[in-house]
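Asker: model_2.txt (compact mmCIF, C-alpha atoms and all ligand atoms) pasted underneath:
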```txt
# COMPACT_ATOMS: atom_id res chain seq x y z
CA MET A 243 14.35 -7.81 -29.61
CA THR A 244 16.88 -9.83 -27.64
CA THR A 245 16.34 -11.09 -24.13
CA ASN A 246 18.71 -12.59 -21.59
CA THR A 247 18.20 -16.16 -20.50
CA PRO A 248 15.18 -16.39 -18.19
CA ALA A 249 15.62 -17.76 -14.65
CA THR A 250 12.83 -20.25 -15.37
CA PRO A 251 11.32 -21.12 -18.72
CA THR A 252 9.29 -18.19 -20.02
CA PRO A 253 5.62 -18.99 -19.59
CA ASP A 254 3.01 -18.61 -22.30
CA LEU A 255 2.33 -14.90 -21.71
CA THR A 256 -1.03 -15.11 -23.43
CA ARG A 257 -2.32 -17.31 -20.60
CA VAL A 258 -0.80 -16.51 -17.22
CA ALA A 259 -2.37 -18.02 -14.09
CA ALA A 260 -4.13 -15.56 -11.79
CA TRP A 261 -6.87 -15.18 -9.20
CA ALA A 262 -9.61 -12.80 -10.32
CA ALA A 263 -12.94 -11.41 -9.18
CA PRO A 264 -15.33 -12.26 -12.06
CA ALA A 265 -17.84 -9.61 -10.94
CA ALA A 266 -18.39 -7.13 -8.09
CA LYS A 267 -18.74 -8.93 -4.74
CA ALA A 268 -18.26 -12.37 -6.38
CA PRO A 269 -15.60 -14.57 -4.75
CA LEU A 270 -12.21 -14.56 -6.44
CA GLU A 271 -11.42 -17.66 -8.50
CA ARG A 272 -8.51 -19.12 -10.42
CA THR A 273 -8.27 -18.12 -14.06
CA THR A 274 -5.74 -17.02 -16.68
CA VAL A 275 -5.06 -13.53 -18.05
CA PRO A 276 -2.92 -12.29 -20.95
CA ARG A 277 0.28 -10.34 -20.36
CA ARG A 278 1.83 -8.29 -23.14
CA PRO A 279 4.97 -9.58 -24.89
CA VAL A 280 8.18 -8.31 -23.23
CA GLY A 281 8.87 -5.01 -25.02
CA GLU A 282 12.14 -3.18 -25.44
CA HIS A 283 11.93 -1.40 -22.06
CA ASP A 284 10.00 -4.11 -20.19
CA VAL A 285 10.95 -6.59 -17.53
CA LEU A 286 9.14 -9.89 -17.10
CA ILE A 287 8.75 -10.54 -13.40
CA GLU A 288 8.17 -13.95 -11.90
CA ILE A 289 5.96 -12.98 -8.99
CA LYS A 290 6.89 -14.61 -5.69
CA TYR A 291 4.58 -12.80 -3.28
CA ALA A 292 1.57 -10.47 -3.50
CA GLY A 293 0.23 -8.52 -0.53
CA ILE A 294 -3.49 -8.03 0.06
CA CYS A 295 -4.27 -4.34 0.52
CA HIS A 296 -7.65 -3.15 1.75
CA SER A 297 -7.86 -1.21 -1.53
CA ASP A 298 -8.01 -4.58 -3.33
CA ILE A 299 -11.19 -5.31 -1.41
CA HIS A 300 -12.74 -1.86 -2.03
CA GLN A 301 -12.09 -2.35 -5.75
CA ALA A 302 -12.98 -6.03 -6.13
CA ARG A 303 -16.33 -5.20 -4.52
CA ASP A 304 -16.69 -2.02 -6.60
CA GLY A 305 -16.94 0.05 -3.44
CA TRP A 306 -15.37 3.09 -5.10
CA GLY A 307 -17.25 2.72 -8.41
CA GLY A 308 -15.69 2.28 -11.86
CA ALA A 309 -14.55 -1.30 -11.39
CA ALA A 310 -13.92 -3.43 -14.50
CA PHE A 311 -14.18 -7.23 -14.46
CA PRO A 312 -12.67 -9.71 -14.47
CA MET A 313 -10.32 -7.99 -12.01
CA VAL A 314 -7.02 -9.39 -10.83
CA PRO A 315 -6.19 -7.32 -7.76
CA GLY A 316 -2.73 -6.93 -6.24
CA HIS A 317 -0.42 -3.92 -6.14
CA GLU A 318 2.08 -5.11 -3.57
CA ILE A 319 4.21 -7.29 -5.79
CA ALA A 320 7.61 -8.80 -5.02
CA GLY A 321 9.41 -11.13 -7.36
CA VAL A 322 12.43 -11.87 -9.48
CA VAL A 323 13.25 -10.68 -13.00
CA ALA A 324 12.80 -13.58 -15.45
CA ALA A 325 13.55 -11.74 -18.73
CA VAL A 326 14.39 -8.24 -19.90
CA GLY A 327 13.83 -6.35 -23.15
CA SER A 328 16.78 -5.27 -25.29
CA GLY A 329 16.64 -1.64 -24.11
CA VAL A 330 16.50 -2.41 -20.38
CA SER A 331 19.47 -0.92 -18.55
CA ARG A 332 18.47 -0.92 -14.89
CA PHE A 333 17.60 -4.59 -14.30
CA ALA A 334 18.98 -8.02 -15.16
CA VAL A 335 17.59 -11.53 -14.94
CA GLY A 336 17.60 -12.72 -11.33
CA ASP A 337 17.23 -9.24 -9.76
CA ARG A 338 14.85 -8.91 -6.81
CA VAL A 339 12.17 -6.42 -7.80
CA GLY A 340 8.86 -4.94 -6.77
CA VAL A 341 5.86 -3.27 -8.36
CA GLY A 342 3.46 -0.99 -6.53
CA CYS A 343 0.17 0.70 -7.35
CA PHE A 344 0.96 2.02 -10.82
CA VAL A 345 2.77 0.78 -13.90
CA ASP A 346 2.81 3.89 -16.09
CA SER A 347 2.04 7.63 -16.24
CA CYS A 348 2.37 10.36 -18.87
CA ARG A 349 6.08 10.96 -18.03
CA THR A 350 5.95 14.59 -19.22
CA CYS A 351 3.62 16.56 -16.92
CA GLU A 352 4.98 18.75 -14.13
CA TYR A 353 4.27 16.08 -11.51
CA CYS A 354 5.82 13.19 -13.47
CA LEU A 355 8.91 15.34 -14.02
CA GLN A 356 9.13 15.94 -10.25
CA GLY A 357 8.87 12.22 -9.46
CA LEU A 358 5.29 12.60 -8.26
CA GLU A 359 3.90 10.19 -10.85
CA GLN A 360 1.04 9.25 -8.52
CA TYR A 361 -0.36 12.76 -9.10
CA CYS A 362 0.15 12.69 -12.92
CA THR A 363 -2.22 15.16 -14.60
CA GLN A 364 -3.19 12.48 -17.16
CA GLY A 365 -3.79 10.00 -14.36
CA MET A 366 -1.37 7.23 -13.50
CA THR A 367 -2.00 3.80 -14.98
CA GLY A 368 -3.06 1.56 -12.12
CA THR A 369 -1.39 -1.84 -11.78
CA TYR A 370 -4.88 -3.31 -12.14
CA ASN A 371 -8.40 -2.11 -12.88
CA ALA A 372 -6.98 0.34 -15.41
CA VAL A 373 -6.27 0.51 -19.13
CA GLY A 374 -2.64 0.62 -20.31
CA LYS A 375 -1.26 2.78 -23.12
CA ASP A 376 -1.76 -0.25 -25.41
CA GLY A 377 -5.51 -0.01 -24.78
CA GLU A 378 -5.55 -3.31 -22.90
CA PRO A 379 -6.79 -3.81 -19.32
CA THR A 380 -4.14 -4.09 -16.62
CA TYR A 381 -4.12 -7.07 -14.27
CA GLY A 382 -2.48 -7.06 -10.87
CA GLY A 383 -0.26 -9.17 -8.69
CA TYR A 384 -2.42 -12.16 -7.69
CA SER A 385 -0.72 -13.92 -10.56
CA THR A 386 2.45 -15.81 -11.46
CA HIS A 387 3.99 -13.25 -13.84
CA ILE A 388 3.68 -9.60 -14.83
CA VAL A 389 5.32 -7.48 -17.54
CA VAL A 390 6.24 -3.95 -16.42
CA ASP A 391 8.23 -1.05 -17.88
CA GLU A 392 11.59 -0.84 -16.12
CA ASN A 393 10.90 2.78 -15.17
CA TYR A 394 7.99 1.65 -13.00
CA THR A 395 9.86 -1.28 -11.43
CA LEU A 396 11.53 -1.00 -8.02
CA ARG A 397 14.63 -2.69 -6.70
CA ILE A 398 14.16 -4.66 -3.48
CA PRO A 399 17.39 -4.39 -1.48
CA GLU A 400 19.10 -7.46 -0.08
CA GLY A 401 18.28 -7.63 3.60
CA ILE A 402 14.49 -7.58 3.28
CA ASP A 403 12.86 -10.95 2.63
CA LEU A 404 10.68 -10.79 -0.47
CA ASP A 405 7.52 -11.86 1.40
CA LYS A 406 7.97 -9.12 4.01
CA ALA A 407 8.94 -6.62 1.29
CA ALA A 408 5.79 -7.06 -0.83
CA PRO A 409 3.54 -4.95 1.48
CA LEU A 410 6.06 -2.11 1.43
CA LEU A 411 5.11 -1.43 -2.20
CA CYS A 412 1.78 0.05 -1.09
CA ALA A 413 1.40 0.04 2.71
CA GLY A 414 5.03 1.07 3.24
CA ILE A 415 5.14 3.94 0.78
CA THR A 416 1.64 5.19 1.67
CA LEU A 417 2.87 5.87 5.20
CA TYR A 418 6.48 6.78 4.40
CA SER A 419 5.45 9.57 2.02
CA PRO A 420 3.31 11.64 4.41
CA LEU A 421 5.62 10.93 7.36
CA ALA A 422 8.55 12.27 5.33
CA HIS A 423 6.58 15.15 3.79
CA TRP A 424 5.29 16.39 7.17
CA LYS A 425 8.70 15.74 8.74
CA ALA A 426 8.05 13.09 11.37
CA GLY A 427 11.25 12.86 13.38
CA PRO A 428 12.86 13.63 16.72
CA GLY A 429 10.78 16.01 18.81
CA LYS A 430 7.59 15.29 16.84
CA SER A 431 4.58 13.63 18.38
CA VAL A 432 2.94 11.41 15.76
CA ALA A 433 -0.27 9.39 16.04
CA ILE A 434 -1.21 6.55 13.71
CA VAL A 435 -4.95 5.78 13.59
CA GLY A 436 -5.82 2.14 12.79
CA LEU A 437 -3.33 -0.68 13.32
CA GLY A 438 -3.85 -2.64 10.11
CA GLY A 439 -1.65 -3.14 7.07
CA LEU A 440 -0.89 0.54 6.53
CA GLY A 441 -0.96 1.48 10.21
CA HIS A 442 1.57 -1.09 11.38
CA MET A 443 4.06 0.10 8.75
CA GLY A 444 3.36 3.66 9.86
CA VAL A 445 4.34 2.77 13.42
CA LYS A 446 7.57 1.08 12.31
CA ILE A 447 8.58 3.87 9.93
CA ALA A 448 7.67 6.80 12.22
CA HIS A 449 9.59 5.12 15.04
CA ALA A 450 12.61 4.59 12.77
CA MET A 451 12.42 8.28 11.79
CA GLY A 452 12.78 9.13 15.47
CA ALA A 453 9.29 10.43 16.26
CA GLU A 454 7.36 9.75 19.46
CA VAL A 455 4.65 7.38 18.23
CA THR A 456 1.14 6.78 19.53
CA VAL A 457 -1.28 4.19 18.17
CA LEU A 458 -4.97 5.02 18.21
CA SER A 459 -6.82 1.74 17.76
CA GLN A 460 -10.48 0.89 18.30
CA THR A 461 -9.67 -1.32 21.29
CA LEU A 462 -6.64 -2.31 23.35
CA ARG A 463 -6.57 -5.79 21.75
CA LYS A 464 -3.48 -4.99 19.66
CA GLN A 465 -1.68 -3.02 22.38
CA GLU A 466 1.12 -5.51 23.02
CA ASP A 467 1.83 -5.76 19.28
CA GLY A 468 1.75 -2.00 18.82
CA LEU A 469 4.35 -1.44 21.51
CA LYS A 470 6.56 -4.18 20.04
CA LEU A 471 6.31 -2.57 16.61
CA GLY A 472 7.80 0.60 18.06
CA ALA A 473 4.91 2.63 19.49
CA ASP A 474 5.58 4.59 22.67
CA HIS A 475 1.89 4.84 23.60
CA PHE A 476 -1.32 3.02 22.72
CA HIS A 477 -4.89 4.19 23.27
CA ALA A 478 -8.36 2.84 22.52
CA THR A 479 -10.56 5.18 20.50
CA GLY A 480 -13.58 3.18 21.62
CA ASP A 481 -13.05 4.81 25.02
CA PRO A 482 -14.52 8.36 24.84
CA GLN A 483 -12.13 9.51 27.59
CA THR A 484 -9.24 8.99 25.16
CA PHE A 485 -10.32 12.09 23.23
CA GLU A 486 -10.42 14.22 26.40
CA LYS A 487 -7.13 12.88 27.71
CA LEU A 488 -5.22 13.39 24.45
CA ALA A 489 -6.72 16.74 23.35
CA GLY A 490 -4.03 18.97 21.78
CA SER A 491 -1.31 16.28 21.92
CA PHE A 492 -0.03 15.64 18.41
CA ASP A 493 1.97 17.47 15.75
CA LEU A 494 0.90 14.95 13.14
CA ILE A 495 -1.86 12.35 12.90
CA VAL A 496 -2.06 9.89 10.01
CA SER A 497 -5.39 8.10 9.68
CA THR A 498 -5.37 4.77 7.86
CA VAL A 499 -8.97 3.91 8.69
CA SER A 500 -10.92 2.29 5.87
CA ALA A 501 -14.32 3.47 7.16
CA PRO A 502 -15.71 7.01 7.61
CA LEU A 503 -14.14 8.66 10.65
CA ASP A 504 -15.28 11.42 13.01
CA PHE A 505 -12.66 13.89 11.79
CA ASP A 506 -13.81 16.59 14.20
CA ALA A 507 -12.90 14.35 17.12
CA TYR A 508 -9.46 13.49 15.71
CA LEU A 509 -8.68 17.12 14.75
CA GLY A 510 -9.24 17.91 18.42
CA LEU A 511 -6.17 15.81 19.21
CA LEU A 512 -3.82 18.08 17.23
CA LYS A 513 -1.65 20.83 18.63
CA THR A 514 -1.96 24.33 17.14
CA ASP A 515 -0.60 24.17 13.56
CA GLY A 516 -0.86 20.38 13.62
CA THR A 517 -1.80 18.32 10.58
CA LEU A 518 -4.12 15.36 10.20
CA VAL A 519 -3.25 13.44 7.04
CA ASN A 520 -5.92 11.06 5.87
CA VAL A 521 -4.78 8.11 3.78
CA GLY A 522 -7.76 5.80 4.42
CA ALA A 523 -10.15 5.63 1.48
CA PRO A 524 -13.66 4.92 2.77
CA GLU A 525 -16.44 4.25 0.31
CA GLU A 526 -18.77 6.91 1.77
CA PRO A 527 -18.26 10.69 2.17
CA VAL A 528 -17.58 12.18 5.61
CA SER A 529 -18.77 15.40 7.21
CA LEU A 530 -16.65 18.06 8.85
CA ASN A 531 -17.31 21.00 11.18
CA LEU A 532 -14.95 23.65 9.78
CA PHE A 533 -14.40 25.10 13.23
CA SER A 534 -12.30 21.98 13.80
CA VAL A 535 -9.63 23.44 11.49
CA ILE A 536 -10.25 27.18 11.98
CA SER A 537 -9.48 27.09 15.65
CA ASN A 538 -5.77 26.52 16.25
CA ARG A 539 -4.88 26.83 12.53
CA LYS A 540 -5.03 23.10 11.85
CA THR A 541 -4.64 21.32 8.53
CA LEU A 542 -6.64 18.40 7.22
CA ALA A 543 -4.69 16.85 4.35
CA GLY A 544 -4.62 13.76 2.18
CA SER A 545 -1.85 11.74 0.60
CA MET A 546 -1.72 9.01 -2.01
CA ILE A 547 1.03 6.36 -2.14
CA GLY A 548 4.32 7.87 -3.42
CA GLY A 549 6.32 8.35 -6.62
CA ILE A 550 8.81 5.88 -8.03
CA ALA A 551 11.92 7.64 -6.67
CA GLU A 552 10.35 8.03 -3.23
CA THR A 553 9.24 4.39 -3.23
CA GLN A 554 12.85 3.36 -3.91
CA GLU A 555 13.98 5.70 -1.11
CA MET A 556 11.45 4.02 1.22
CA LEU A 557 12.67 0.52 0.30
CA ASP A 558 16.27 1.57 0.95
CA PHE A 559 15.23 3.20 4.25
CA CYS A 560 13.43 0.02 5.32
CA ALA A 561 16.45 -2.14 4.42
CA GLU A 562 18.78 0.19 6.33
CA HIS A 563 16.53 0.04 9.42
CA GLY A 564 15.72 -3.66 9.12
CA LEU A 565 12.02 -3.02 8.52
CA GLY A 566 9.64 -5.35 6.75
CA ALA A 567 5.94 -6.03 7.14
CA GLU A 568 4.49 -8.39 9.74
CA ILE A 569 2.81 -10.91 7.50
CA GLU A 570 0.53 -13.90 7.46
CA LEU A 571 1.49 -15.96 4.41
CA ILE A 572 -1.50 -17.62 2.74
CA ARG A 573 -2.27 -19.86 -0.20
CA ALA A 574 -4.10 -18.31 -3.13
CA ASP A 575 -7.21 -20.38 -2.37
CA GLN A 576 -7.44 -18.66 1.04
CA VAL A 577 -7.85 -15.21 -0.52
CA ASN A 578 -11.62 -14.94 -0.05
CA GLU A 579 -11.32 -15.90 3.62
CA ALA A 580 -8.49 -13.37 4.01
CA TYR A 581 -10.74 -10.62 2.59
CA GLU A 582 -13.35 -11.35 5.26
CA ARG A 583 -10.72 -11.19 7.98
CA VAL A 584 -9.40 -7.84 6.73
CA LEU A 585 -12.96 -6.46 6.76
CA ALA A 586 -13.25 -7.62 10.39
CA SER A 587 -9.95 -5.82 11.32
CA ASP A 588 -8.61 -9.31 12.03
CA VAL A 589 -5.27 -9.14 10.26
CA ARG A 590 -1.85 -9.15 11.90
CA TYR A 591 -0.80 -7.27 9.96
CA ARG A 592 -0.78 -8.05 6.25
CA PHE A 593 -1.92 -11.11 4.33
CA VAL A 594 0.54 -12.08 1.62
CA ILE A 595 -0.23 -14.62 -1.08
CA ASP A 596 2.49 -17.18 -1.83
CA ALA A 597 2.48 -16.98 -5.63
CA ALA A 598 3.74 -20.57 -5.85
CA THR A 599 0.17 -21.60 -4.87
CA ILE A 600 -1.49 -19.65 -7.69
P1 LIG A 701 -6.64 -2.59 7.05
O1 LIG A 701 -5.49 -3.52 7.12
O2 LIG A 701 -8.03 -3.12 7.04
O3 LIG A 701 -6.46 -1.53 8.24
C1 LIG A 701 -7.42 -0.55 8.55
C2 LIG A 701 -7.50 -0.43 10.07
O4 LIG A 701 -8.42 0.62 10.35
C3 LIG A 701 -8.07 -1.64 10.76
O5 LIG A 701 -7.11 -2.62 11.04
C4 LIG A 701 -8.61 -1.04 12.03
O6 LIG A 701 -7.56 -0.84 12.96
C5 LIG A 701 -9.08 0.34 11.58
N1 LIG A 701 -10.54 0.35 11.34
C6 LIG A 701 -11.24 -0.42 10.50
N2 LIG A 701 -12.56 -0.13 10.55
C7 LIG A 701 -12.68 0.88 11.43
C8 LIG A 701 -13.77 1.64 11.89
N3 LIG A 701 -15.03 1.39 11.48
N4 LIG A 701 -13.52 2.61 12.80
C9 LIG A 701 -12.29 2.84 13.25
N5 LIG A 701 -11.21 2.14 12.83
C10 LIG A 701 -11.40 1.18 11.93
O7 LIG A 701 -6.55 -1.70 5.72
P2 LIG A 701 -5.26 -1.10 4.99
O8 LIG A 701 -4.86 -2.02 3.90
O9 LIG A 701 -4.29 -0.66 5.99
O10 LIG A 701 -5.92 0.16 4.25
C11 LIG A 701 -6.56 1.17 5.02
C12 LIG A 701 -7.28 2.15 4.12
O11 LIG A 701 -6.33 2.89 3.36
C13 LIG A 701 -8.21 1.51 3.07
O12 LIG A 701 -9.36 2.32 2.93
C14 LIG A 701 -7.37 1.54 1.81
O13 LIG A 701 -8.16 1.54 0.64
C15 LIG A 701 -6.66 2.84 1.98
N6 LIG A 701 -5.41 2.99 1.22
C16 LIG A 701 -5.07 4.24 0.81
C17 LIG A 701 -3.88 4.45 0.17
C18 LIG A 701 -3.48 5.83 -0.23
O14 LIG A 701 -2.59 5.96 -1.09
N7 LIG A 701 -4.04 6.86 0.33
C19 LIG A 701 -3.03 3.38 -0.09
C20 LIG A 701 -3.40 2.12 0.36
C21 LIG A 701 -4.59 1.93 1.02
P3 LIG A 701 -7.77 -1.06 14.54
O15 LIG A 701 -8.24 -2.47 14.70
O16 LIG A 701 -6.42 -0.80 15.09
O17 LIG A 701 -8.77 -0.06 15.00
ZN ZN A 702 -2.78 -0.57 -1.55
ZN ZN A 703 2.25 12.87 -15.81
```
In structure tokens, what does this structure look like?

Answerer:
Amino acid sequence: MTTNTPATPTPDLTRVAAWAAPAAKAPLERTTVPRRPVGEHDVLIEIKYAGICHSDIHQARDGWGGAAFPMVPGHEIAGVVAAVGSGVSRFAVGDRVGVGCFVDSCRTCEYCLQGLEQYCTQGMTGTYNAVGKDGEPTYGGYSTHIVVDENYTLRIPEGIDLDKAAPLLCAGITLYSPLAHWKAGPGKSVAIVGLGGLGHMGVKIAHAMGAEVTVLSQTLRKQEDGLKLGADHFHATGDPQTFEKLAGSFDLIVSTVSAPLDFDAYLGLLKTDGTLVNVGAPEEPVSLNLFSVISNRKTLAGSMIGGIAETQEMLDFCAEHGLGAEIELIRADQVNEAYERVLASDVRYRFVIDAATI
């Protein structure tokens, strides 16, 4: 195997620095994890920035079940290629690249062949808290380096700073995909529920697509920000009158809320034939009165991140429209504090770890 000259000396891949949760609900701490040797089709990425997604917190605390420890979270990765395998054709040393929520899939099922790798029938291989095809655990982006197959690596266009690009790899694509699929655009009235990491990207992207955008937030505390991000309207869901005032208003609602939601109330805000797409992933089940969808032929749908081709399309769209995430850059040793602030809805609007502090 031949590799090009790395941008910086290649680290000892058997011991790469990382921040990991040693057990469910235990604070994250500095450690080292092994990365695989750079294979023929792999790129070695020197991580520059890693976003903190609420999913990292659900998983590090084993809120969804099935967590394996030690866990290195992080699936919003932006960095620079430091080495490439001999068979790599799409990337070269020095390229600006990103990695999102998955690093492999079966590549042959009907969904993989359609570019919907996130819905692979064999199950995609998560960037962390999963087991790779080599039988080894995967470790995520709160780390200095990662080795990823070039087919699961994204190109970050010039024009988006790497720190503001990192959150696009999950928050950006998770909102872009349903907004594109359900055709947000001119003449469409779109509501985004929850103005957090996902929600704020939803506002920016839906606005750039030309839709009329409303934010539904628990309070009016983030109103000024929401309007600056591109929302046309902003309402507090803590005010019961909001649900009366806005009944039958929206073609499309995307909920990003991380806690169980009163779906009956939100379905009441849709027009006939409207769709409520849930992307939030609460740890508890929710209940539903089916009359909420029967009347007025409404749809309650879900959506999970996006495929590789669509993620690249989203990155190019964001570069073209000058969109990046609103971030609060933190040191790695602030990660536990950042988790608490996300849980308190006190993030404006994405924490991003500066990997130089790992
Ligand atoms: P986040 O930054 O914490 O944002 C969630 C927002 O939801 C909060 O900022 C808050 O907004 C609102 N919220 C929180 N608790 C609430 C409650 N009890 N009632 C009503 N609203 C509440 O989280 P995120 O990173 O955007 O992720 C959001 C959810 O999506 C998480 O569950 C995450 O696991 C999931 N997720 C799913 C996918 C997917 O592919 N489907 C991908 C990534 C993440 P306001 O302050 O404006 O009310
Ligand atoms: Zn995520
Ligand atoms: Zn597949």

Asker: Find the residue from A:Cys362, A:Ile294, A:Ala324, A:Val258 that sits nearest to Ile572 (chain A); use all atoms listed in the file when measuring.

Answerer: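 Smallest distance to Ile572 (chain A) is found for A:Ile294.
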
Asker: Go through A:Pro279, A:Pro399, A:Gly544, A:Gly307 one by one, measure the shortest atom-to-atom distance of each to ligand LIG 701 (chain A) using only C-alpha atoms and all ligand atoms, and give the residue with the smallest value.

Answerer: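 Selected residue with least distance to ligand LIG 701 (chain A): A:Gly544.
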
Asker: Do you know which residues are within 7 Å of ligand ZN 703 (chain A) using all atoms listed in the file? Can you write them as a list in words?

Answerer: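 I would give the residues around ligand ZN 703 (chain A) as Ser347, Cys348, Arg349, Thr350, Cys351, Glu352, Tyr353, Cys354, Glu359, Cys362, Thr363, Gln364 and Gly365 of chain A.
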
Asker: Would you list the contacts of region 553-556 of chain A as a ChimeraX atom specification, taking every protein, DNA or RNA residue within 8 Å and counting all atoms listed in the file, but skipping same-chain residues closer than 5 positions in sequence?

Answerer: /A:396-397,411,414-415,418,548

Asker: Could you list, as number ranges by chain, every residue within 9 Å of Val330 (chain A), counting only C-alpha atoms and ignoring same-chain residues fewer than 3 positions away?

Answerer: A: 282-285, 326-327, 333-334, 391-392

Asker: Please provide as a ChimeraX atom specification all residues within 10 Å of region 586-592 of chain A, with the sequence filter that same-chain residues fewer than 5 positions apart are discarded (counting all atoms listed in the file).

Answerer: /A:293-296,406,408-409,413,436-443,460,464,467,500,567-571,580-581

Asker: For CA of Thr456 (chain A) and CA of Lys513 (chain A), determine how far apart the two atoms are, in Å to one decimal place.

Answerer: 14.4 Å

Asker: When you look at region 430-432 of chain A with a cut-off of 8 Å (counting all atoms listed in the file), what residues show up, excluding the ones that are within fewer than 4 positions of it in the same chain? I need them as a count of residues only.

Answerer: 12

Asker: Quick check, in Å to one decimal: how far apart do CA of Gly468 (chain A) and atom C8 of ligand LIG 701 (chain A) lie?

Answerer: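 Separation between CA of Gly468 (chain A) and atom C8 of ligand LIG 701 (chain A): 17.4 Å.
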
Asker: If I take CA of Pro276 (chain A) and atom C17 of ligand LIG 701 (chain A), how far is one from the other in Å, to one decimal?

Answerer: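 Taking CA of Pro276 (chain A) and atom C17 of ligand LIG 701 (chain A), their separation equals 27.0 Å.
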
Asker: Choose the residue, out of A:Leu410, A:Val577, A:Ala501, A:Val322, that has the smallest atom-to-atom separation from Asp558 (chain A); count all atoms listed in the file.

Answerer: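 Under the stated criterion, the closest residue is A:Leu410.
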
Asker: For a cutoff of 9 Å around the file-coordinate point (-1.8, -17.9, -1.5), which residues qualify once you count only C-alpha atoms? I'd like the result as a count of residues only.

Answerer: 18

Asker: Please determine an axis-aligned box that encloses all atoms of ligand LIG 701 (chain A) listed in the file, with 3 Å added on each side, and express its centre and edge lengths in Å to one decimal as lines of an AutoDock Vina configuration file.

Answerer:
```
center_x = -8.8
center_y = 1.7
center_z = 7.0
size_x = 18.4
size_y = 16.4
size_z = 22.2
```
